[in-house]
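Participant: Got a structure for you, final10.csv, holding CSV, C-alpha atoms.
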```csv
chain,number,residue,atom,x,y,z
A,1,MET,CA,78.2,110.0,152.4
A,2,ASN,CA,77.5,106.9,154.5
A,3,ILE,CA,80.7,104.9,154.8
A,4,LYS,CA,78.9,101.6,154.1
A,5,LEU,CA,77.3,103.1,150.9
A,6,LEU,CA,80.7,104.4,149.8
A,7,ILE,CA,82.3,101.0,150.3
A,8,CYS,CA,79.4,99.4,148.3
A,9,LEU,CA,79.8,101.9,145.5
A,10,LEU,CA,83.5,101.3,145.4
A,11,SER,CA,83.0,97.6,145.3
A,12,ILE,CA,80.6,97.9,142.4
A,13,ALA,CA,83.0,100.2,140.5
A,14,SER,CA,85.7,97.6,141.1
A,15,ILE,CA,83.6,94.8,139.7
A,16,ILE,CA,82.6,96.9,136.6
A,17,SER,CA,86.3,97.7,136.1
A,18,MET,CA,87.3,94.0,136.4
A,19,GLU,CA,84.6,93.0,134.0
A,20,ALA,CA,85.6,95.6,131.5
A,21,GLN,CA,89.2,94.2,131.5
A,22,THR,CA,87.8,90.9,130.0
A,23,LYS,CA,86.1,92.7,127.1
A,24,TYR,CA,87.8,92.3,123.7
A,25,TYR,CA,87.3,96.0,122.9
A,26,VAL,CA,89.3,96.9,126.0
A,27,ARG,CA,92.0,94.2,125.6
A,28,LEU,CA,92.6,95.1,121.9
A,29,THR,CA,92.5,98.8,122.5
A,30,ASP,CA,95.1,98.4,125.3
A,31,SER,CA,97.2,96.2,123.0
A,32,GLU,CA,97.1,98.8,120.3
A,33,ILE,CA,98.1,101.6,122.7
A,34,LYS,CA,101.0,99.4,124.0
A,35,ARG,CA,102.2,98.8,120.4
A,36,ASN,CA,101.7,102.4,119.5
A,37,PRO,CA,102.5,104.6,122.5
A,38,GLU,CA,101.8,107.8,120.5
A,39,SER,CA,98.5,107.9,118.6
A,40,TRP,CA,100.3,109.1,115.4
A,41,MET,CA,102.1,105.7,115.3
A,42,LEU,CA,99.0,103.8,114.4
A,43,ASP,CA,99.0,102.2,111.0
A,44,PHE,CA,102.7,101.4,111.3
A,45,SER,CA,103.5,105.1,110.8
A,46,LYS,CA,107.0,106.4,110.9
A,47,ALA,CA,105.9,110.1,111.1
A,48,PRO,CA,102.6,111.9,111.8
A,49,LYS,CA,100.2,111.9,108.8
A,50,TRP,CA,96.5,112.6,108.3
A,51,ASN,CA,95.4,109.2,107.2
A,52,TYR,CA,92.1,107.3,107.0
A,53,CYS,CA,93.4,104.4,109.0
A,54,HIS,CA,94.1,106.8,112.0
A,55,GLY,CA,90.6,108.1,111.7
A,56,LEU,CA,89.1,104.6,111.6
A,57,GLU,CA,91.0,103.3,114.6
A,58,LEU,CA,90.7,106.4,116.7
A,59,GLN,CA,86.9,106.4,116.1
A,60,ALA,CA,86.9,102.8,117.5
A,61,ILE,CA,89.1,103.7,120.5
A,62,PHE,CA,86.8,106.7,121.2
A,63,GLN,CA,83.9,104.2,121.4
A,64,THR,CA,85.9,102.2,123.9
A,65,TRP,CA,86.2,105.3,126.0
A,66,GLN,CA,82.4,105.8,125.7
A,67,LYS,CA,81.9,102.3,127.2
A,68,THR,CA,84.5,102.6,130.0
A,69,PHE,CA,85.2,106.3,130.6
A,70,ASP,CA,88.8,105.4,131.1
A,71,GLN,CA,90.6,108.7,130.6
A,72,THR,CA,93.6,106.9,129.0
A,73,TYR,CA,91.5,106.3,125.9
A,74,TYR,CA,90.1,109.8,125.5
A,75,ASP,CA,93.6,111.3,126.0
A,76,TYR,CA,95.0,109.0,123.3
A,77,VAL,CA,92.3,110.1,120.8
A,78,TYR,CA,92.6,113.7,121.7
A,79,SER,CA,96.4,113.7,121.4
A,80,PHE,CA,96.1,113.0,117.7
A,81,ALA,CA,93.6,115.8,117.2
A,82,ASP,CA,95.8,118.1,119.3
A,83,LEU,CA,98.9,117.3,117.3
A,84,MET,CA,97.5,117.4,113.8
A,85,VAL,CA,95.0,120.3,113.9
A,86,GLU,CA,96.6,123.8,114.0
A,87,PRO,CA,95.2,126.8,115.9
A,88,ASP,CA,93.7,128.1,112.6
A,89,GLY,CA,92.1,124.8,111.7
A,90,GLN,CA,94.6,123.7,109.1
A,91,ILE,CA,95.6,120.1,109.3
A,92,LYS,CA,99.2,118.9,109.1
A,93,THR,CA,100.0,116.8,106.0
A,94,TYR,CA,96.5,117.3,104.6
A,95,LYS,CA,96.2,118.9,101.2
A,96,PRO,CA,92.6,119.5,100.1
A,97,LEU,CA,93.4,120.2,96.5
A,98,GLU,CA,94.9,116.7,96.1
A,99,TYR,CA,91.3,115.6,96.2
A,100,ASN,CA,92.0,112.3,98.0
A,101,ILE,CA,88.7,111.0,99.3
A,102,ASP,CA,90.6,108.8,101.8
A,103,ARG,CA,91.7,111.8,103.8
A,104,VAL,CA,88.1,112.8,104.7
A,105,ASN,CA,87.5,109.7,106.8
A,106,SER,CA,89.8,111.0,109.5
A,107,GLY,CA,87.4,113.9,110.1
A,108,LYS,CA,84.8,111.6,111.7
A,109,PHE,CA,86.6,111.3,115.1
A,110,LEU,CA,86.8,115.1,115.2
A,111,PHE,CA,83.0,115.5,115.6
A,112,PRO,CA,82.9,114.1,119.2
A,113,VAL,CA,86.2,115.8,120.0
A,114,TYR,CA,84.7,119.2,118.9
A,115,ALA,CA,81.5,118.5,120.8
A,116,LEU,CA,83.3,117.9,124.0
A,117,THR,CA,86.0,120.6,123.8
A,118,LYS,CA,84.2,123.3,121.8
A,119,GLN,CA,87.6,124.3,120.4
A,120,GLU,CA,86.9,126.3,117.3
A,121,ARG,CA,90.0,124.9,115.5
A,122,PHE,CA,88.3,121.5,115.3
A,123,ARG,CA,85.1,123.0,113.7
A,124,LYS,CA,87.4,124.8,111.2
A,125,ALA,CA,89.1,121.5,110.4
A,126,LEU,CA,85.7,119.8,109.8
A,127,ASP,CA,84.8,122.7,107.5
A,128,LEU,CA,88.0,122.3,105.6
A,129,MET,CA,87.2,118.6,104.8
A,130,ARG,CA,83.7,119.5,104.0
A,131,ASP,CA,85.0,122.2,101.6
A,132,GLN,CA,87.1,119.6,99.8
A,133,MET,CA,84.0,117.7,98.9
A,134,ARG,CA,82.3,120.8,97.5
A,135,THR,CA,84.7,120.9,94.6
A,136,HIS,CA,85.9,117.3,94.6
A,137,PRO,CA,85.8,116.0,90.9
A,138,ARG,CA,82.9,113.8,90.0
A,139,THR,CA,81.5,111.5,87.3
A,140,ALA,CA,78.8,112.7,85.0
A,141,ASP,CA,76.1,111.4,87.4
A,142,GLY,CA,77.7,113.0,90.5
A,143,SER,CA,79.7,110.2,92.0
A,144,PHE,CA,83.0,111.3,93.6
A,145,TRP,CA,86.2,110.3,91.9
A,146,HIS,CA,88.3,108.2,94.3
A,147,LYS,CA,91.2,110.5,93.9
A,148,LYS,CA,92.3,113.3,91.5
A,149,ILE,CA,95.2,111.0,90.5
A,150,TYR,CA,92.6,108.3,89.6
A,151,PRO,CA,90.4,110.3,87.2
A,152,HIS,CA,86.8,109.1,86.3
A,153,GLN,CA,87.1,106.2,88.8
A,154,VAL,CA,84.7,105.2,91.6
A,155,TRP,CA,86.0,102.7,94.1
A,156,LEU,CA,83.7,101.1,96.8
A,157,ASP,CA,86.3,102.1,99.4
A,158,GLY,CA,85.4,105.8,98.8
A,159,LEU,CA,81.8,105.4,99.9
A,160,TYR,CA,82.9,104.8,103.4
A,161,MET,CA,85.6,107.5,103.3
A,162,ALA,CA,83.3,110.4,102.6
A,163,GLY,CA,79.6,109.2,103.1
A,164,PRO,CA,79.3,108.9,106.9
A,165,PHE,CA,81.4,112.0,107.4
A,166,LEU,CA,79.2,114.1,105.1
A,167,ALA,CA,76.0,112.6,106.6
A,168,GLU,CA,77.2,113.5,110.1
A,169,TYR,CA,78.3,116.9,109.0
A,170,ALA,CA,74.9,117.5,107.4
A,171,LYS,CA,73.1,116.6,110.7
A,172,THR,CA,75.5,118.3,113.0
A,173,PHE,CA,75.6,121.6,111.1
A,174,ASN,CA,72.1,121.5,109.6
A,175,GLU,CA,73.1,121.3,106.0
A,176,LEU,CA,70.1,119.3,105.0
A,177,GLU,CA,70.6,119.4,101.2
A,178,LEU,CA,73.8,117.5,101.7
A,179,PHE,CA,71.9,114.3,102.5
A,180,ASP,CA,70.8,114.1,98.9
A,181,ASP,CA,74.4,114.1,97.8
A,182,VAL,CA,75.3,111.3,100.2
A,183,VAL,CA,72.4,109.2,98.9
A,184,VAL,CA,73.4,109.8,95.3
A,185,GLN,CA,76.8,108.2,96.0
A,186,ILE,CA,75.2,105.0,97.4
A,187,LEU,CA,72.6,104.6,94.7
A,188,ASP,CA,75.0,105.3,91.8
A,189,VAL,CA,77.2,102.5,93.1
A,190,HIS,CA,74.3,100.1,92.7
A,191,LYS,CA,73.5,101.5,89.2
A,192,TYR,CA,77.0,100.9,87.9
A,193,MET,CA,78.9,98.4,90.0
A,194,TYR,CA,76.3,95.8,91.0
A,195,ASP,CA,76.4,92.3,89.7
A,196,ALA,CA,72.9,90.7,89.5
A,197,LYS,CA,74.2,87.2,89.1
A,198,THR,CA,76.1,87.1,92.5
A,199,GLY,CA,74.4,90.0,94.3
A,200,LEU,CA,77.9,91.5,94.9
A,201,TYR,CA,79.6,94.7,93.8
A,202,TYR,CA,82.8,95.1,91.9
A,203,HIS,CA,85.7,96.9,93.5
A,204,GLY,CA,86.0,99.7,90.9
A,205,TRP,CA,84.3,101.4,88.0
A,206,ASP,CA,86.0,103.6,85.4
A,207,GLU,CA,83.5,105.9,83.7
A,208,SER,CA,86.0,106.6,80.9
A,209,ARG,CA,86.8,102.9,80.2
A,210,GLN,CA,90.5,104.0,79.8
A,211,GLN,CA,92.1,102.0,82.6
A,212,ARG,CA,93.8,98.7,81.7
A,213,TRP,CA,91.8,97.1,84.6
A,214,ALA,CA,88.5,98.3,83.3
A,215,ASP,CA,86.2,96.2,81.1
A,216,LYS,CA,85.9,98.1,77.8
A,217,VAL,CA,82.1,97.8,77.7
A,218,THR,CA,81.1,98.1,81.4
A,219,GLY,CA,84.1,99.9,82.8
A,220,LEU,CA,84.1,97.5,85.8
A,221,SER,CA,87.2,96.0,87.5
A,222,PRO,CA,87.4,92.2,87.0
A,223,ASN,CA,86.9,90.9,90.6
A,224,PHE,CA,85.0,91.2,93.8
A,225,TRP,CA,87.3,92.3,96.7
A,226,SER,CA,85.7,91.5,100.0
A,227,ARG,CA,87.1,94.5,102.0
A,228,SER,CA,85.8,96.9,99.3
A,229,ILE,CA,82.3,95.4,99.8
A,230,GLY,CA,82.8,95.7,103.5
A,231,TRP,CA,83.5,99.4,103.2
A,232,TYR,CA,80.3,99.9,101.2
A,233,MET,CA,78.2,98.0,103.7
A,234,MET,CA,79.6,100.0,106.6
A,235,ALA,CA,79.0,103.2,104.7
A,236,MET,CA,75.4,102.4,104.3
A,237,VAL,CA,74.7,101.3,107.9
A,238,ASP,CA,76.6,104.3,109.3
A,239,VAL,CA,75.0,106.8,107.0
A,240,LEU,CA,71.6,105.6,108.2
A,241,ASP,CA,72.6,106.9,111.7
A,242,TYR,CA,72.2,110.5,110.3
A,243,LEU,CA,69.9,110.2,107.3
A,244,PRO,CA,66.5,111.7,108.3
A,245,GLU,CA,63.7,109.2,108.9
A,246,ASN,CA,61.6,111.0,106.3
A,247,HIS,CA,64.2,111.2,103.6
A,248,GLU,CA,62.6,110.0,100.4
A,249,LYS,CA,65.5,107.6,99.5
A,250,ARG,CA,66.1,106.2,103.0
A,251,GLY,CA,64.0,103.1,102.1
A,252,ASP,CA,66.1,102.6,99.0
A,253,VAL,CA,69.4,102.6,101.0
A,254,ILE,CA,67.9,100.1,103.5
A,255,LYS,CA,66.8,97.8,100.7
A,256,LEU,CA,70.3,97.8,99.2
A,257,LEU,CA,71.8,97.1,102.6
A,258,GLN,CA,69.3,94.2,103.1
A,259,ASP,CA,70.1,92.7,99.7
A,260,LEU,CA,73.8,92.9,100.1
A,261,SER,CA,73.7,91.5,103.7
A,262,SER,CA,71.8,88.5,102.3
A,263,ALA,CA,74.2,88.1,99.4
A,264,ILE,CA,77.4,87.9,101.3
A,265,GLU,CA,76.0,85.0,103.5
A,266,LYS,CA,76.4,82.7,100.4
A,267,TYR,CA,80.1,83.2,100.4
A,268,ARG,CA,81.1,82.2,103.9
A,269,ASP,CA,83.7,79.5,104.4
A,270,GLU,CA,82.0,76.4,105.8
A,271,LYS,CA,84.7,75.5,108.2
A,272,THR,CA,85.5,78.9,109.8
A,273,GLY,CA,82.4,80.9,109.0
A,274,MET,CA,84.6,83.7,107.7
A,275,TRP,CA,85.1,85.3,104.3
A,276,TYR,CA,87.8,85.1,101.6
A,277,GLN,CA,90.0,87.9,100.2
A,278,VAL,CA,88.4,87.4,96.8
A,279,THR,CA,84.8,87.0,97.8
A,280,ASP,CA,83.4,84.5,95.3
A,281,GLN,CA,86.5,82.4,94.7
A,282,MET,CA,86.1,80.2,97.7
A,283,GLY,CA,88.6,77.4,97.8
A,284,ARG,CA,90.5,78.6,94.8
A,285,LYS,CA,94.3,78.1,95.1
A,286,GLY,CA,95.9,81.1,96.9
A,287,ASN,CA,92.7,82.6,98.2
A,288,TYR,CA,92.7,83.0,101.9
A,289,ILE,CA,90.4,83.8,104.8
A,290,GLU,CA,90.7,87.6,105.5
A,291,SER,CA,90.0,89.4,108.7
A,292,SER,CA,89.2,93.0,107.8
A,293,ALA,CA,86.3,92.1,105.5
A,294,SER,CA,85.0,89.5,107.9
A,295,ALA,CA,84.9,92.1,110.7
A,296,MET,CA,83.2,94.6,108.5
A,297,PHE,CA,80.5,92.1,107.3
A,298,ILE,CA,79.7,91.1,110.9
A,299,TYR,CA,79.7,94.7,112.1
A,300,THR,CA,77.1,95.5,109.5
A,301,TRP,CA,75.0,92.5,110.3
A,302,VAL,CA,75.0,93.3,114.0
A,303,LYS,CA,74.5,97.0,113.8
A,304,GLY,CA,71.9,96.6,111.0
A,305,ALA,CA,69.9,94.2,113.1
A,306,GLN,CA,70.2,96.3,116.3
A,307,LYS,CA,69.0,99.4,114.4
A,308,GLY,CA,66.1,97.6,112.8
A,309,TYR,CA,67.3,97.9,109.2
A,310,LEU,CA,67.9,94.1,109.0
A,311,ASP,CA,65.9,91.2,110.2
A,312,LYS,CA,66.5,90.4,113.9
A,313,SER,CA,67.9,87.0,112.8
A,314,TYR,CA,71.1,88.9,111.6
A,315,LEU,CA,71.9,89.7,115.2
A,316,GLU,CA,72.0,86.0,116.1
A,317,LYS,CA,74.0,85.3,112.9
A,318,GLY,CA,76.3,88.1,113.9
A,319,GLU,CA,76.9,86.8,117.4
A,320,ILE,CA,77.7,83.4,116.1
A,321,ALA,CA,80.0,84.8,113.5
A,322,TYR,CA,81.7,87.0,116.2
A,323,ASP,CA,82.7,83.9,118.2
A,324,GLN,CA,84.0,82.3,115.0
A,325,PHE,CA,86.0,85.4,114.2
A,326,VAL,CA,87.6,85.4,117.6
A,327,LYS,CA,88.5,81.7,117.3
A,328,ARG,CA,90.0,82.3,113.8
A,329,PHE,CA,91.7,85.7,114.1
A,330,ILE,CA,92.4,86.7,117.7
A,331,LYS,CA,95.8,85.6,119.0
A,332,ASP,CA,96.9,85.9,122.7
A,333,ASN,CA,100.5,87.0,122.6
A,334,GLY,CA,101.3,85.7,126.1
A,335,ASP,CA,102.4,89.2,127.3
A,336,GLY,CA,99.1,90.6,128.1
A,337,THR,CA,98.4,91.8,124.6
A,338,LEU,CA,96.2,90.5,121.8
A,339,SER,CA,96.9,90.5,118.0
A,340,LEU,CA,94.4,90.4,115.2
A,341,THR,CA,95.8,88.3,112.4
A,342,ASP,CA,95.5,87.9,108.6
A,343,GLY,CA,94.5,91.4,107.4
A,344,CYS,CA,95.2,92.4,103.8
A,345,SER,CA,97.6,95.3,104.1
A,346,VAL,CA,96.4,97.2,101.1
A,347,ALA,CA,94.7,96.8,97.7
A,348,GLY,CA,93.8,99.2,95.0
A,349,LEU,CA,93.6,99.6,91.2
A,350,GLY,CA,95.9,101.2,88.6
A,351,GLY,CA,98.6,103.6,89.6
A,352,GLU,CA,101.8,104.7,87.9
A,353,ASN,CA,104.2,102.2,89.4
A,354,ASN,CA,103.6,98.5,89.9
A,355,TYR,CA,100.3,98.8,88.1
A,356,ARG,CA,97.4,97.0,89.9
A,357,ASP,CA,95.4,95.2,87.4
A,358,GLY,CA,92.6,94.0,89.6
A,359,SER,CA,93.3,90.3,88.7
A,360,TYR,CA,92.8,87.4,91.0
A,361,GLU,CA,96.5,87.0,91.3
A,362,TYR,CA,96.9,90.7,92.2
A,363,TYR,CA,94.5,90.5,95.2
A,364,ILE,CA,95.9,87.3,96.7
A,365,ASN,CA,99.5,88.5,96.5
A,366,GLU,CA,99.2,91.8,98.3
A,367,PRO,CA,100.9,91.6,101.8
A,368,VAL,CA,99.0,90.2,104.7
A,369,ARG,CA,99.8,91.4,108.2
A,370,ASP,CA,98.7,91.3,111.9
A,371,ASN,CA,97.0,94.3,113.6
A,372,ASP,CA,96.1,96.1,110.5
A,373,PRO,CA,93.9,99.1,111.5
A,374,LYS,CA,91.3,98.2,108.8
A,375,ALA,CA,90.6,95.0,110.7
A,376,VAL,CA,91.3,96.3,114.3
A,377,GLY,CA,89.0,99.3,114.0
A,378,PRO,CA,85.9,97.5,112.8
A,379,PHE,CA,86.5,94.6,115.3
A,380,ILE,CA,86.7,97.0,118.2
A,381,MET,CA,83.5,98.8,117.1
A,382,LEU,CA,81.8,95.4,116.6
A,383,SER,CA,82.9,94.3,120.1
A,384,VAL,CA,81.4,97.5,121.5
A,385,LEU,CA,78.1,96.8,119.8
A,386,LEU,CA,78.0,93.4,121.4
A,387,ASP,CA,79.6,94.5,124.6
A,388,LYS,CA,82.1,91.7,124.3
```
Kindly present the structure from the file in structure tokens form.
Facilitator:
Amino acid sequence: MNIKLLICLLSIASIISMEAQTKYYVRLTDSEIKRNPESWMLDFSKAPKWNYCHGLELQAIFQTWQKTFDQTYYDYVYSFADLMVEPDGQIKTYKPLEYNIDRVNSGKFLFPVYALTKQERFRKALDLMRDQMRTHPRTADGSFWHKKIYPHQVWLDGLYMAGPFLAEYAKTFNELELFDDVVVQILDVHKYMYDAKTGLYYHGWDESRQQRWADKVTGLSPNFWSRSIGWYMMAMVDVLDYLPENHEKRGDVIKLLQDLSSAIEKYRDEKTGMWYQVTDQMGRKGNYIESSASAMFIYTWVKGAQKGYLDKSYLEKGEIAYDQFVKRFIKDNGDGTLSLTDGCSVAGLGGENNYRDGSYEYYINEPVRDNDPKAVGPFIMLSVLLDK
């Protein structure tokens, strides 16, 4: 090769590398790896576990690799798959018959790992999670229970945990009838959990009306939790990546996505442009601006507009909201790392110990922490979408 051309190419590569270092998806990915030198340490873990938060953040870090081709990021993602998936395709700490829908989400990052490595153990692991959903308990209309230990209950969270995984599985392995099942989940949520007055969706629904948190008439939980709505929005916009263009219900899914994207705009904080932990209780004492839901909403706006599901104005809104998000939630630690602040650690409904009643007081009093994967993952993926 001509020496001048080689020098030119090296200079260009150097410029690209330097530019990449200024991107938030690179800076936050690097920060997370520094905080968690082993990939199993994500989500503040003390020991390896097959957990939806790992799947969410590793999916985001894989997208950082796709933008940069920095081998460090691929190796970090692969190390978790290599550690957790046995030669026979069994997954450490994963018990399919627990019927925990959260566990399925971690399967999503295995699709590209399998495509790149062609290691049969990863295909078997994907099949294992698909098989869980074949016998996963359901409501009368076919919606998946959130977990076996939460009988008859549908939570918005679960739509993201299983829907995009099953849709990608259907496309990857040509199980076309599975698309109908994925769509049923999305449409049933609208049937049972939608509130026409606000345009929002309640966090949970108990078909049996037996839970203390459930309304005895409707079966609904009492409040709108922003992150659960964010899970549902991301589920729809990600499922549409795989749902065939000619699927008879594709238009219905897009309409629900459009309506909800419009509804949440009414609940933005005027000062910060972000969203509250309890969506519709803006300014109420104790309510706070929360990062994971805000990232999920903006991600959905941006991706939905880029894909043509939402009006192109949502891309501009998303870009403005992105800058507001950075201003409100991204903190420079002064040591070369960034932190993402003010993420709700966890929220759920029911349970045997410390019963979660779905009240306003419950949601605002769950712990808040920095660098929660449920905020970090969506923000990295959002930054990749915008190349910021």
Participant: Using all atoms listed in the file, which of A:Asp241, A:Asp141, A:Asp311, A:Glu270 sits nearest A:Gln258?
Facilitator: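 Closest residue, counting all atoms listed in the file: A:Asp311.
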Participant: Can you pull out the residues contacting A:Gln66? Cut-off 12 Å, using all atoms listed in the file, and skip same-chain residues under 5 positions away; I want them as a PDB file with C-alpha atoms, in the coordinates of the input.
Facilitator:
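Heads up, here's the output in selection-v5.pdb:
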```pdb
ATOM      1  CA  TYR A  25      87.300  96.000 122.900  1.00  0.00           C
ATOM      2  CA  VAL A  26      89.300  96.900 126.000  1.00  0.00           C
ATOM      3  CA  GLN A  59      86.900 106.400 116.100  1.00  0.00           C
ATOM      4  CA  ALA A  60      86.900 102.800 117.500  1.00  0.00           C
ATOM      5  CA  ILE A  61      89.100 103.700 120.500  1.00  0.00           C
ATOM      6  CA  GLN A  71      90.600 108.700 130.600  1.00  0.00           C
ATOM      7  CA  THR A  72      93.600 106.900 129.000  1.00  0.00           C
ATOM      8  CA  TYR A  73      91.500 106.300 125.900  1.00  0.00           C
ATOM      9  CA  TYR A  74      90.100 109.800 125.500  1.00  0.00           C
ATOM     10  CA  VAL A  77      92.300 110.100 120.800  1.00  0.00           C
ATOM     11  CA  PRO A 112      82.900 114.100 119.200  1.00  0.00           C
ATOM     12  CA  MET A 381      83.500  98.800 117.100  1.00  0.00           C
ATOM     13  CA  VAL A 384      81.400  97.500 121.500  1.00  0.00           C
ATOM     14  CA  LEU A 385      78.100  96.800 119.800  1.00  0.00           C
ATOM     15  CA  ASP A 387      79.600  94.500 124.600  1.00  0.00           C
TER      16      ASP A 387
END
```
Participant: Please, what distance in Å, to one decimal, runs between atom CA of A:Trp155 and atom CA of A:Phe173?
Facilitator: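 Going from atom CA of A:Trp155 over to atom CA of A:Phe173, I get 27.5 Å.
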Participant: Near A:Leu349, counting all atoms listed in the file, which residues have an atom at most 12 Å away, once you skip same-chain residues fewer than 2 positions from it, shown as a ChimeraX atom specification?
Facilitator: /A:146-147,149-151,153-157,202-206,211-214,220-223,225,228,346-347,351-359,362-363,366
Participant: Looking at A:His152, A:Lys331, A:Lys317, A:Lys216, which one is nearest to A:Arg268, with distances taken over all atoms listed in the file?
Facilitator: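 Residue with the minimum atom-to-atom distance to A:Arg268: A:Lys317.
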Participant: Could you check how far atom CA of A:Ser143 sits from atom CA of A:Tyr94, in Å to one decimal?
Facilitator: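 For atom CA of A:Ser143 relative to atom CA of A:Tyr94, the distance reads 22.2 Å.
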Participant: Neighbouring residues of A:Leu243 were defined as those with any atom within 12 Å, considering all atoms listed in the file; residues of the same chain fewer than 3 positions away were excluded. Please report them as a PyMOL selection string.
Facilitator: chain A and resi 163-172+174-183+235-240+246-254
Participant: Closest to A:Met84 among A:Gly142, A:Pro37, A:Gly55, A:Pro367, using only C-alpha atoms?
Facilitator: A:Gly55
Participant: Around the point (86.8, 98.5, 101.3) in the file's coordinates, collect all residues with an atom within 12 Å, using only C-alpha atoms, and return them as a count of residues only.
Facilitator: 42
Participant: Show me the residues around (96.0, 128.6, 112.2) - criterion: an atom at most 12 Å away, all atoms listed in the file counted - as a list in words.
Facilitator: Met84, Val85, Glu86, Pro87, Asp88, Gly89, Gln90, Ile91, Lys92, Glu120, Arg121, Phe122, Lys124 and Ala125 of chain A
Participant: Restricting the calculation to all atoms listed in the file: of A:Ser261, A:Asn100, A:Thr279, A:Ser339, which residue gets closest to A:Asn51?
Facilitator: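 Checking each candidate against A:Asn51, we get A:Asn100 as the closest.
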Participant: What's the separation between atom CA of A:Trp40 and atom CA of A:Phe109, in Å to one decimal place?
Facilitator: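 Atom CA of A:Trp40 sits 13.9 Å away from atom CA of A:Phe109.
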Participant: Kindly indicate which residue among A:Val184, A:Ile330, A:Gly219, A:Tyr192 lies nearest to A:Ser31, using only C-alpha atoms for the distances.
Facilitator: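 Answer, going by the shortest atom-to-atom distance: A:Ile330.
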